[in-house]
Each structure stands twice: as C-alpha cells, then as structure tokens.
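The structure file structure-v5.cif is reproduced below (mmCIF, C-alpha atoms).
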data_structure
#
loop_
_atom_site.group_PDB
_atom_site.id
_atom_site.type_symbol
_atom_site.label_atom_id
_atom_site.label_comp_id
_atom_site.auth_asym_id
_atom_site.auth_seq_id
_atom_site.Cartn_x
_atom_site.Cartn_y
_atom_site.Cartn_z
ATOM 1 C CA MET R 1 19.544 -58.970 -82.391
ATOM 2 C CA ARG R 2 17.370 -56.295 -83.950
ATOM 3 C CA GLN R 3 14.496 -55.196 -81.806
ATOM 4 C CA PRO R 4 11.050 -55.562 -83.374
ATOM 5 C CA HIS R 5 9.730 -52.296 -84.760
ATOM 6 C CA LEU R 6 6.365 -50.990 -83.620
ATOM 7 C CA SER R 7 4.391 -49.123 -86.208
ATOM 8 C CA ARG R 8 2.922 -45.694 -85.532
ATOM 9 C CA ARG R 9 -0.549 -47.197 -85.745
ATOM 10 C CA ALA R 10 0.281 -49.744 -83.048
ATOM 11 C CA LEU R 11 1.677 -47.056 -80.768
ATOM 12 C CA LEU R 12 -1.439 -44.938 -81.129
ATOM 13 C CA ALA R 13 -3.665 -47.906 -80.446
ATOM 14 C CA GLY R 14 -1.692 -48.819 -77.342
ATOM 15 C CA GLY R 15 -1.847 -45.242 -76.067
ATOM 16 C CA ALA R 16 -5.585 -45.167 -76.527
ATOM 17 C CA ALA R 17 -5.942 -48.367 -74.532
ATOM 18 C CA VAL R 18 -3.882 -46.938 -71.678
ATOM 19 C CA ALA R 19 -6.001 -43.785 -71.679
ATOM 20 C CA VAL R 20 -9.185 -45.842 -71.482
ATOM 21 C CA LEU R 21 -7.811 -47.888 -68.586
ATOM 22 C CA ALA R 22 -6.684 -44.748 -66.757
ATOM 23 C CA GLY R 23 -10.092 -43.184 -67.222
ATOM 24 C CA CYS R 24 -11.763 -46.221 -65.697
ATOM 25 C CA SER R 25 -9.646 -46.161 -62.531
ATOM 26 C CA THR R 26 -11.078 -44.391 -59.464
ATOM 27 C CA PRO R 27 -8.773 -41.637 -58.167
ATOM 28 C CA GLU R 28 -7.955 -41.634 -54.481
ATOM 29 C CA PRO R 29 -10.046 -39.020 -52.599
ATOM 30 C CA GLU R 30 -8.119 -36.045 -51.312
ATOM 31 C CA PRO R 31 -7.799 -36.234 -47.513
ATOM 32 C CA VAL R 32 -9.599 -33.499 -45.616
ATOM 33 C CA ARG R 33 -7.063 -31.022 -44.321
ATOM 34 C CA ASP R 34 -7.403 -29.506 -40.894
ATOM 35 C CA THR R 35 -7.750 -25.762 -40.607
ATOM 36 C CA PRO R 36 -5.338 -24.103 -38.163
ATOM 37 C CA GLU R 37 -8.195 -24.023 -35.648
ATOM 38 C CA GLU R 38 -8.941 -27.731 -36.117
ATOM 39 C CA ALA R 39 -5.247 -28.572 -35.914
ATOM 40 C CA LEU R 40 -5.017 -26.856 -32.549
ATOM 41 C CA ALA R 41 -8.218 -28.524 -31.323
ATOM 42 C CA ARG R 42 -6.974 -31.933 -32.474
ATOM 43 C CA ALA R 43 -3.672 -31.443 -30.640
ATOM 44 C CA LEU R 44 -5.514 -30.320 -27.511
ATOM 45 C CA ILE R 45 -7.726 -33.410 -27.636
ATOM 46 C CA ALA R 46 -4.665 -35.664 -27.892
ATOM 47 C CA GLU R 47 -2.960 -33.804 -25.044
ATOM 48 C CA LYS R 48 -6.010 -34.056 -22.797
ATOM 49 C CA GLU R 49 -6.318 -37.783 -23.525
ATOM 50 C CA ARG R 50 -2.732 -38.273 -22.328
ATOM 51 C CA THR R 51 -3.280 -36.061 -19.288
ATOM 52 C CA VAL R 52 -6.415 -37.908 -18.210
ATOM 53 C CA ALA R 53 -4.561 -41.203 -18.583
ATOM 54 C CA LEU R 54 -1.669 -39.957 -16.447
ATOM 55 C CA TYR R 55 -3.983 -38.692 -13.712
ATOM 56 C CA SER R 56 -5.776 -42.046 -13.789
ATOM 57 C CA ALA R 57 -2.585 -43.981 -13.071
ATOM 58 C CA PRO R 58 -2.597 -45.752 -9.687
ATOM 59 C CA ALA R 59 0.578 -43.951 -8.632
ATOM 60 C CA ALA R 60 -1.151 -40.572 -9.060
ATOM 61 C CA GLY R 61 -3.159 -41.208 -5.920
ATOM 62 C CA GLY R 62 -6.647 -40.077 -5.036
ATOM 63 C CA GLY R 63 -8.043 -36.931 -3.476
ATOM 64 C CA LYS R 64 -6.751 -33.910 -5.353
ATOM 65 C CA ALA R 65 -5.490 -36.001 -8.262
ATOM 66 C CA ALA R 66 -8.975 -37.425 -8.822
ATOM 67 C CA ALA R 67 -10.527 -33.953 -8.784
ATOM 68 C CA TYR R 68 -7.907 -32.658 -11.206
ATOM 69 C CA ARG R 69 -8.472 -35.668 -13.472
ATOM 70 C CA ASP R 70 -12.208 -35.013 -13.538
ATOM 71 C CA ARG R 71 -11.658 -31.431 -14.644
ATOM 72 C CA HIS R 72 -9.260 -32.545 -17.378
ATOM 73 C CA ALA R 73 -11.891 -35.083 -18.460
ATOM 74 C CA ALA R 74 -14.428 -32.245 -18.644
ATOM 75 C CA HIS R 75 -12.037 -30.298 -20.904
ATOM 76 C CA LEU R 76 -11.662 -33.337 -23.136
ATOM 77 C CA ALA R 77 -15.409 -33.907 -23.318
ATOM 78 C CA GLU R 78 -16.062 -30.286 -24.297
ATOM 79 C CA LEU R 79 -13.391 -30.339 -27.012
ATOM 80 C CA ARG R 80 -14.850 -33.546 -28.428
ATOM 81 C CA ARG R 81 -18.349 -32.101 -28.315
ATOM 82 C CA ARG R 82 -17.305 -29.017 -30.257
ATOM 83 C CA TYR R 83 -15.169 -30.903 -32.777
ATOM 84 C CA PRO R 84 -16.747 -34.331 -33.325
ATOM 85 C CA ARG R 85 -14.865 -34.883 -36.619
ATOM 86 C CA LEU R 86 -11.550 -34.644 -34.811
ATOM 87 C CA THR R 87 -12.139 -37.865 -32.903
ATOM 88 C CA GLU R 88 -11.163 -39.626 -36.151
ATOM 89 C CA PRO R 89 -7.502 -40.567 -36.778
ATOM 90 C CA THR R 90 -5.256 -37.659 -37.681
ATOM 91 C CA PRO R 91 -5.114 -37.209 -41.495
ATOM 92 C CA ALA R 92 -1.686 -37.586 -43.038
ATOM 93 C CA SER R 93 -1.967 -34.162 -44.651
ATOM 94 C CA SER R 94 -3.129 -32.393 -41.523
ATOM 95 C CA THR R 95 -1.319 -29.146 -40.896
ATOM 96 C CA VAL R 96 -0.401 -28.877 -37.220
ATOM 97 C CA SER R 97 -0.213 -25.330 -35.919
ATOM 98 C CA ALA R 98 3.144 -24.158 -34.660
ATOM 99 C CA SER R 99 1.423 -23.233 -31.420
ATOM 100 C CA ALA R 100 -0.132 -26.671 -30.953
ATOM 101 C CA PRO R 101 0.642 -28.127 -27.535
ATOM 102 C CA VAL R 102 3.294 -30.762 -27.128
ATOM 103 C CA SER R 103 2.994 -32.792 -23.967
ATOM 104 C CA ALA R 104 6.015 -34.677 -22.756
ATOM 105 C CA THR R 105 5.256 -38.377 -22.426
ATOM 106 C CA PRO R 106 6.736 -39.790 -19.204
ATOM 107 C CA THR R 107 8.911 -42.835 -19.337
ATOM 108 C CA PRO R 108 7.480 -46.144 -18.042
ATOM 109 C CA THR R 109 9.741 -45.973 -14.995
ATOM 110 C CA GLN R 110 8.740 -42.409 -14.125
ATOM 111 C CA LYS R 111 6.472 -42.350 -11.093
ATOM 112 C CA MET R 112 3.463 -40.109 -11.622
ATOM 113 C CA THR R 113 3.345 -38.226 -8.351
ATOM 114 C CA LEU R 114 1.011 -35.305 -7.837
ATOM 115 C CA ALA R 115 4.018 -32.972 -7.963
ATOM 116 C CA ARG R 116 4.967 -34.246 -11.428
ATOM 117 C CA LEU R 117 1.390 -33.933 -12.609
ATOM 118 C CA ARG R 118 1.182 -30.373 -11.350
ATOM 119 C CA ALA R 119 4.384 -29.612 -13.247
ATOM 120 C CA LEU R 120 2.684 -30.875 -16.422
ATOM 121 C CA ASP R 121 -0.243 -28.567 -15.700
ATOM 122 C CA ARG R 122 2.140 -25.657 -15.145
ATOM 123 C CA ARG R 123 3.713 -26.140 -18.570
ATOM 124 C CA ALA R 124 0.292 -26.530 -20.157
ATOM 125 C CA ALA R 125 -0.997 -23.318 -18.551
ATOM 126 C CA ALA R 126 2.063 -21.448 -19.812
ATOM 127 C CA ARG R 127 1.292 -22.539 -23.392
ATOM 128 C CA ARG R 128 -2.342 -21.437 -23.445
ATOM 129 C CA PRO R 129 -1.874 -17.652 -23.854
ATOM 130 C CA THR R 130 0.390 -18.289 -26.869
ATOM 131 C CA GLN R 131 -2.161 -20.541 -28.594
ATOM 132 C CA LEU R 132 -4.918 -17.956 -29.010
ATOM 133 C CA ALA R 133 -3.755 -16.124 -32.137
ATOM 134 C CA GLY R 134 -5.405 -16.953 -35.434
ATOM 135 C CA VAL R 135 -8.290 -19.022 -34.075
ATOM 136 C CA ALA R 136 -11.979 -18.219 -33.726
ATOM 137 C CA PRO R 137 -12.918 -16.217 -30.610
ATOM 138 C CA ALA R 138 -14.980 -19.117 -29.222
ATOM 139 C CA LEU R 139 -12.014 -21.512 -29.300
ATOM 140 C CA ALA R 140 -9.679 -18.826 -27.940
ATOM 141 C CA GLN R 141 -11.999 -18.332 -24.970
ATOM 142 C CA LEU R 142 -12.253 -22.069 -24.347
ATOM 143 C CA VAL R 143 -8.462 -22.477 -24.430
ATOM 144 C CA ALA R 144 -7.954 -19.488 -22.108
ATOM 145 C CA SER R 145 -10.514 -20.890 -19.657
ATOM 146 C CA ILE R 146 -8.817 -24.299 -19.719
ATOM 147 C CA GLY R 147 -5.482 -22.566 -19.087
ATOM 148 C CA ALA R 148 -6.903 -20.794 -16.043
ATOM 149 C CA CYS R 149 -8.021 -24.145 -14.623
ATOM 150 C CA GLU R 150 -4.590 -25.656 -15.326
ATOM 151 C CA ALA R 151 -2.885 -22.722 -13.593
ATOM 152 C CA LEU R 152 -5.024 -23.452 -10.562
ATOM 153 C CA HIS R 153 -3.916 -27.090 -10.630
ATOM 154 C CA ALA R 154 -0.296 -25.975 -10.876
ATOM 155 C CA GLY R 155 -0.646 -23.508 -8.024
ATOM 156 C CA SER R 156 0.800 -20.564 -9.955
ATOM 157 C CA ALA R 157 -0.253 -18.220 -12.740
ATOM 158 C CA VAL R 158 1.844 -17.503 -15.800
ATOM 159 C CA LYS R 159 4.235 -14.591 -15.435
ATOM 160 C CA ARG R 160 2.540 -11.452 -16.679
ATOM 161 C CA PRO R 161 3.824 -10.409 -20.129
ATOM 162 C CA ALA R 162 4.717 -6.861 -21.067
ATOM 163 C CA ALA R 163 1.730 -4.651 -21.785
ATOM 164 C CA PRO R 164 0.629 -4.881 -25.436
ATOM 165 C CA ALA R 165 1.964 -2.145 -27.669
ATOM 166 C CA ALA R 166 -0.405 0.451 -29.115
ATOM 167 C CA ARG R 167 -1.770 -0.226 -32.585
ATOM 168 C CA ALA R 168 -2.128 2.500 -35.184
ATOM 169 C CA ALA R 169 -5.583 1.266 -36.186
ATOM 170 C CA ALA R 170 -7.035 -0.373 -33.099
ATOM 171 C CA ASP R 171 -10.212 -2.356 -33.560
ATOM 172 C CA PRO R 172 -13.161 -0.471 -32.003
ATOM 173 C CA GLY R 173 -14.447 -3.737 -30.565
ATOM 174 C CA ASP R 174 -11.124 -4.303 -28.822
ATOM 175 C CA VAL R 175 -11.316 -0.844 -27.236
ATOM 176 C CA ALA R 176 -14.868 -1.552 -26.055
ATOM 177 C CA LYS R 177 -13.716 -4.811 -24.456
ATOM 178 C CA LEU R 178 -10.845 -2.989 -22.746
ATOM 179 C CA ARG R 179 -13.310 -0.445 -21.367
ATOM 180 C CA LYS R 180 -15.471 -3.246 -19.927
ATOM 181 C CA ALA R 181 -12.420 -4.805 -18.269
ATOM 182 C CA LEU R 182 -11.491 -1.384 -16.859
ATOM 183 C CA SER R 183 -15.001 -0.941 -15.447
ATOM 184 C CA ALA R 184 -14.664 -4.314 -13.731
ATOM 185 C CA GLU R 185 -11.313 -3.276 -12.256
ATOM 186 C CA HIS R 186 -12.813 -0.012 -10.955
ATOM 187 C CA ALA R 187 -15.411 -2.090 -9.095
ATOM 188 C CA ALA R 188 -12.713 -4.465 -7.802
ATOM 189 C CA VAL R 189 -10.621 -1.581 -6.434
ATOM 190 C CA PHE R 190 -13.689 -0.289 -4.586
ATOM 191 C CA ALA R 191 -14.613 -3.720 -3.220
ATOM 192 C CA PHE R 192 -11.132 -4.676 -2.032
ATOM 193 C CA GLY R 193 -10.621 -1.269 -0.445
ATOM 194 C CA LEU R 194 -13.802 -1.764 1.550
ATOM 195 C CA LEU R 195 -12.940 -5.364 2.454
ATOM 196 C CA ALA R 196 -9.428 -4.473 3.625
ATOM 197 C CA ALA R 197 -10.840 -1.708 5.814
ATOM 198 C CA ARG R 198 -13.273 -4.101 7.511
ATOM 199 C CA THR R 199 -10.836 -6.935 8.293
ATOM 200 C CA THR R 200 -7.710 -7.460 10.352
ATOM 201 C CA GLY R 201 -4.636 -9.639 10.552
ATOM 202 C CA SER R 202 -3.383 -11.844 7.719
ATOM 203 C CA LEU R 203 -6.678 -11.618 5.815
ATOM 204 C CA ARG R 204 -6.378 -7.852 5.718
ATOM 205 C CA THR R 205 -2.820 -8.217 4.406
ATOM 206 C CA ARG R 206 -3.984 -10.487 1.589
ATOM 207 C CA LEU R 207 -6.901 -8.220 0.730
ATOM 208 C CA THR R 208 -4.600 -5.198 0.659
ATOM 209 C CA ARG R 209 -2.244 -7.054 -1.651
ATOM 210 C CA ALA R 210 -5.154 -7.811 -3.976
ATOM 211 C CA PHE R 211 -6.252 -4.162 -3.787
ATOM 212 C CA ASP R 212 -2.785 -3.063 -4.929
ATOM 213 C CA ALA R 213 -2.776 -5.598 -7.782
ATOM 214 C CA HIS R 214 -6.154 -4.395 -9.064
ATOM 215 C CA ARG R 215 -5.140 -0.768 -8.783
ATOM 216 C CA ASP R 216 -2.047 -1.474 -10.901
ATOM 217 C CA ARG R 217 -4.105 -3.377 -13.457
ATOM 218 C CA ARG R 218 -6.655 -0.533 -13.547
ATOM 219 C CA ASP R 219 -3.934 1.992 -14.352
ATOM 220 C CA GLU R 220 -2.482 -0.306 -17.004
ATOM 221 C CA LEU R 221 -5.862 -0.700 -18.706
ATOM 222 C CA ARG R 222 -6.305 3.054 -18.766
ATOM 223 C CA ARG R 223 -2.989 3.393 -20.603
ATOM 224 C CA LEU R 224 -3.921 0.650 -23.073
ATOM 225 C CA ILE R 225 -7.210 2.365 -23.904
ATOM 226 C CA THR R 226 -5.645 5.813 -24.243
ATOM 227 C CA ALA R 227 -2.867 4.461 -26.480
ATOM 228 C CA ARG R 228 -5.554 3.088 -28.808
ATOM 229 C CA GLY R 229 -7.357 6.410 -29.073
ATOM 230 C CA GLY R 230 -10.155 5.440 -26.695
ATOM 231 C CA GLN R 231 -11.647 7.190 -23.699
ATOM 232 C CA PRO R 232 -11.120 5.241 -20.460
ATOM 233 C CA ALA R 233 -14.234 4.473 -18.428
ATOM 234 C CA GLU R 234 -14.396 6.463 -15.214
ATOM 235 C CA PRO R 235 -15.220 4.906 -11.831
ATOM 236 C CA HIS R 236 -18.524 5.377 -10.063
ATOM 237 C CA ALA R 237 -18.664 7.071 -6.703
ATOM 238 C CA SER R 238 -19.687 3.758 -5.134
ATOM 239 C CA TYR R 239 -20.713 0.255 -6.136
ATOM 240 C CA ALA R 240 -23.541 -1.928 -4.879
ATOM 241 C CA LEU R 241 -22.090 -5.073 -3.344
ATOM 242 C CA PRO R 242 -24.047 -8.303 -2.860
ATOM 243 C CA SER R 243 -23.517 -7.914 0.870
ATOM 244 C CA VAL R 244 -21.482 -5.968 3.405
ATOM 245 C CA PRO R 245 -19.357 -8.574 5.185
ATOM 246 C CA SER R 246 -19.180 -8.525 8.943
ATOM 247 C CA THR R 247 -16.911 -11.561 9.406
ATOM 248 C CA GLY R 248 -13.684 -12.834 7.904
ATOM 249 C CA PRO R 249 -15.305 -15.781 6.094
ATOM 250 C CA ALA R 250 -17.931 -13.468 4.615
ATOM 251 C CA ALA R 251 -15.202 -11.099 3.413
ATOM 252 C CA SER R 252 -13.343 -14.010 1.818
ATOM 253 C CA ARG R 253 -16.479 -15.168 0.006
ATOM 254 C CA LEU R 254 -17.098 -11.688 -1.357
ATOM 255 C CA ALA R 255 -13.466 -11.359 -2.463
ATOM 256 C CA ALA R 256 -13.735 -14.630 -4.390
ATOM 257 C CA HIS R 257 -17.018 -13.438 -5.925
ATOM 258 C CA VAL R 258 -15.328 -10.251 -7.180
ATOM 259 C CA GLU R 259 -12.426 -12.216 -8.656
ATOM 260 C CA ASN R 260 -14.817 -14.572 -10.441
ATOM 261 C CA GLY R 261 -16.526 -11.577 -12.005
ATOM 262 C CA LEU R 262 -13.162 -10.270 -13.202
ATOM 263 C CA THR R 263 -12.369 -13.665 -14.696
ATOM 264 C CA ALA R 264 -15.520 -13.424 -16.814
ATOM 265 C CA SER R 265 -14.654 -9.862 -17.879
ATOM 266 C CA TYR R 266 -11.197 -10.873 -19.052
ATOM 267 C CA LEU R 267 -12.683 -13.865 -20.861
ATOM 268 C CA GLU R 268 -14.542 -11.333 -23.037
ATOM 269 C CA LEU R 269 -11.238 -9.593 -23.783
ATOM 270 C CA VAL R 270 -9.796 -12.931 -24.924
ATOM 271 C CA ALA R 271 -12.105 -12.574 -27.959
ATOM 272 C CA ALA R 272 -10.226 -9.426 -29.069
ATOM 273 C CA VAL R 273 -8.844 -9.152 -32.584
ATOM 274 C CA ASP R 274 -5.365 -8.166 -31.375
ATOM 275 C CA PRO R 275 -3.423 -11.363 -30.462
ATOM 276 C CA ALA R 276 -1.406 -9.429 -27.886
ATOM 277 C CA LEU R 277 -4.596 -8.440 -26.077
ATOM 278 C CA ARG R 278 -5.712 -12.077 -26.125
ATOM 279 C CA ARG R 279 -2.491 -13.139 -24.403
ATOM 280 C CA TYR R 280 -2.790 -10.286 -21.917
ATOM 281 C CA ALA R 281 -6.368 -11.235 -21.024
ATOM 282 C CA ALA R 282 -5.569 -14.949 -20.705
ATOM 283 C CA VAL R 283 -2.848 -14.232 -18.144
ATOM 284 C CA ALA R 284 -5.149 -11.836 -16.284
ATOM 285 C CA MET R 285 -7.698 -14.665 -16.079
ATOM 286 C CA GLN R 286 -5.122 -16.972 -14.530
ATOM 287 C CA GLU R 287 -4.223 -14.353 -11.932
ATOM 288 C CA ALA R 288 -7.882 -13.716 -11.028
ATOM 289 C CA VAL R 289 -8.600 -17.433 -10.709
ATOM 290 C CA MET R 290 -5.600 -17.910 -8.438
ATOM 291 C CA ARG R 291 -6.702 -15.049 -6.194
ATOM 292 C CA ALA R 292 -10.305 -16.314 -6.063
ATOM 293 C CA HIS R 293 -9.045 -19.743 -5.009
ATOM 294 C CA SER R 294 -6.837 -18.233 -2.307
ATOM 295 C CA PHE R 295 -9.925 -16.650 -0.736
ATOM 296 C CA ARG R 296 -12.298 -19.565 -1.291
ATOM 297 C CA PRO R 297 -10.481 -22.822 -2.074
ATOM 298 C CA SER R 298 -13.572 -24.986 -1.726
ATOM 299 C CA THR R 299 -14.983 -24.065 -5.145
ATOM 300 C CA VAL R 300 -13.067 -24.859 -8.328
ATOM 301 C CA ALA R 301 -14.589 -24.707 -11.803
ATOM 302 C CA ALA R 302 -13.383 -26.709 -14.792
ATOM 303 C CA PHE R 303 -14.071 -23.702 -17.048
ATOM 304 C CA PRO R 304 -13.383 -20.477 -15.096
ATOM 305 C CA GLY R 305 -15.166 -17.438 -16.446
ATOM 306 C CA MET R 306 -17.490 -19.396 -18.692
ATOM 307 C CA PRO R 307 -21.192 -19.836 -17.963
ATOM 308 C CA ALA R 308 -22.179 -23.174 -16.524
ATOM 309 C CA PRO R 309 -23.331 -25.604 -19.219
ATOM 310 C CA ALA R 310 -27.067 -26.022 -19.535
ATOM 311 C CA PRO R 311 -28.320 -29.225 -17.899
ATOM 312 C CA ALA R 312 -29.190 -32.028 -20.256
ATOM 313 C CA PRO R 313 -32.948 -32.245 -20.897
ATOM 314 C CA SER R 314 -34.602 -34.986 -18.921
ATOM 315 C CA PRO R 315 -36.332 -37.631 -21.000
ATOM 316 C CA THR R 316 -40.075 -37.232 -21.251
ATOM 317 C CA VAL R 317 -42.292 -40.213 -20.785
ATOM 318 C CA THR R 318 -45.324 -40.345 -23.026
ATOM 319 C CA PRO R 319 -48.170 -42.241 -21.429
ATOM 320 C CA SER R 320 -49.219 -45.183 -23.548
ATOM 321 C CA GLY R 321 -52.754 -45.481 -24.703
#
If you convert what's in this file into structure tokens, what do you get?
Amino acid sequence: MRQPHLSRRALLAGGAAVAVLAGCSTPEPEPVRDTPEEALARALIAEKERTVALYSAPAAGGGKAAAYRDRHAAHLAELRRRYPRLTEPTPASSTVSASAPVSATPTPTQKMTLARLRALDRRAAARRPTQLAGVAPALAQLVASIGACEALHAGSAVKRPAAPAARAAADPGDVAKLRKALSAEHAAVFAFGLLAARTTGSLRTRLTRAFDAHRDRRDELRRLITARGGQPAEPHASYALPSVPSTGPAASRLAAHVENGLTASYLELVAAVDPALRRYAAVAMQEAVMRAHSFRPSTVAAFPGMPAPAPAPSPTVTPSG
C-alpha cells in the first residue's frame, strides 16, 4: 500500500510546531561540579562520618576510643563548618580527586576493636601528606593537622619521605617558610641539649634521641634552603626558655612545649607552593606531635599546630523595658 505523501508545506508547519514546543520546555539545570578542593573536602567529610560511626560502635569500647571518637567528630564538624554546601548529596557530575581518601568499610561480622580502629587511623594518617597538592593552603594545613592527630591515634608517624629535590625557580615564600622552620629547629637543638644535660636515666636517653633527630632535621633544612638559592638562618648564641627545669616532670613539660612549637612552624611550611615541601612538612608535623605526646601524654589536641578556635560568643540578654 502506498504511503500517504506529506507536502513540503505540511513538513515545515510540523517542524515549526516542534520548535515551539521545544522552546517552551524548561531545560534541566546543570549540576554544580565540585572543584578539586571541594571533591577532597567532600570525601574527607564522608570518611570522617564513617570513622565516627565506627568509633561509636559498642564493640569499640570506652576510654581511649571515646576520646579518639571525639577528636574525629571535631574534624568532621570543622570540615562541615568550612564547606557547608558539601553536606548536600554528592552531585552525579562531581569530580573526585585521585588523592581523595578511600576508607575501607568493615564487614558486619568484623569486630571493631581499638587495635582495628588504630589501624584505620594509621592508614588515614599515611594518606594525608599525599592529599595536599593542588588545594588551597588553608585546606592543606587543616588536612595536615588532622593527619598529625590521626598519627597520634595510630601510635606511629608516617615514614619520612626523601628530601624534596631542588627547584630551578623556587618560590621566595617557600624559602622564607623553610628559614622559619630552620630557626625553630635551631631553638629545639639548643633546648634539647640543655634538657639532656640536666636529666638522667631513661628520660635523658629519650631527650638525647630527640636532640639527635632535631640536629639531623636542622642540617636537612639547611641543605634544602641552600639548594633553592637561599641563605640559611644562623642559630643564636642562646635562647630564652620559658623556664629552666629542675625536675624530670618539668623537663618533660618543656620538651613537649618545644615540640608543639615545632608543629606550628611546620604547619606554616605546609602552605608552601611546592607540593613536595607540603608533604615533607606534614610528615615533620606527625613526628613532632608523636614526640610531644611521648613527653606529655596527658594533653592531646584535635588540631595539632593550629590555634585554638575562638570561643562562641555568649548570648547577651537585653533587659526588657
């Protein structure tokens, strides 16, 4: 049977009708894509949600597990505060950074002991130095500080990477940050030398070990600065200490104080332009935090190296007329 023939006029009319209908339809809005920084922050938020849930499981136990959980909850709260949009569901077109964390989800039959939880923290701490490239300095510093706290939970710092290679055109700001870290190490070498000389026994052994570690780091920083065309900062003849310890506990408190100051100095270096220097500084933070805890285990911060958050303003009561 012969198909009915449509005239050219009918085809044009039909096409015009389709065009009108298409013009009246509302196009779907393009989903908002995450930047690489937002993708990392979103993945960190999801990871921290899982970690808090695991530490909250009854099998995790109390005591240390509860303290660790509270610090993870503080990390989660800070990430949410900085990135409120990322509390929404993940957009389908979101680009997840290759360095975004991936947390293994335990099976339902897997008992969440403190040892297993610390192993999760150890893997998380190992990821942090590799997640700092390509993100804003503020987020890099937050991630490095979180990693230092996780290393403390795990009971071990990440293995120190090879020293960063020299760059032909080093950023002047990076060299300035290296010089500040070197100045802090000069002060640490002085302080630990004095502390080791005024103590005895196992404490003196630990202080001497820390002295050697800071001396090695000092020499390494000098080489990094020189390789970038900078002039290394020279040590002072002496340094003013908060106090001159006369007892072992006082020496331990001062040692922890020095390590906390170094943690803050390396946090500044985490804001460097060179990704290799960021990784280097993040690992140095983990080492300093571990040493500080070994001398004074009673104080643990959720965000090592970072200033304490300002207290929330108290509500003011306006007297009624």
Practice task
List the residues selected by the PyMOL selection byres ((chain R and resi 135-150) around 7) in the file shown, writing them as a list in words.
Solution key: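 For this structure, the PyMOL selection byres ((chain R and resi 135-150) around 7) resolves to Glu37, His75, Asp121, Arg122, Ala124, Ala125, Arg128, Pro129, Leu132, Ala133, Gly134, Ala151, Leu152, His153, Ala154, Leu267, Val270, Ala271, Ala282, Met285, Gln286, Val289, Ala302, Phe303, Pro304 and Gly305 of chain R.
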> Between CA of Thr299 in chain R and CA of Thr208 in chain R, what is the spacing in Å?
Replying inline: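 So the two atoms, CA of Thr208 in chain R and CA of Thr299 in chain R, lie 22.3 Å apart.
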Counting only C-alpha atoms, which residue out of R:Ser56, R:Thr263, R:Ser298, R:Thr35 sits closest to Tyr83 in chain R?
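Among the listed residues, the smallest separation from Tyr83 in chain R belongs to R:Thr35.
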_Picked residues, the PyMOL selection byres ((chain R and resi 178) around 9), as JSON, numbers by chain_ = {"R": [173, 174, 175, 176, 177, 179, 180, 181, 182, 183, 221, 222, 224, 225, 232, 266, 269, 277]}
_Shell around Thr205 in chain R at 12 Å using only C-alpha atoms, local window under 6 positions removed, as number ranges by chain_ = R: 192-193, 195-199, 211-212
note - CA of His257 in chain R and CA of Arg127 in chain R are separated by 26.9 Å
Take every atom of range 163-181 of chain R listed in the file, fit an axis-aligned box around them, add 8 Å per side, and give the centre and edge lengths in Å to one decimal as AutoDock Vina command-line options.
--center_x -6.8 --center_y -1.2 --center_z -27.2 --size_x 33.4 --size_y 23.4 --size_z 33.9
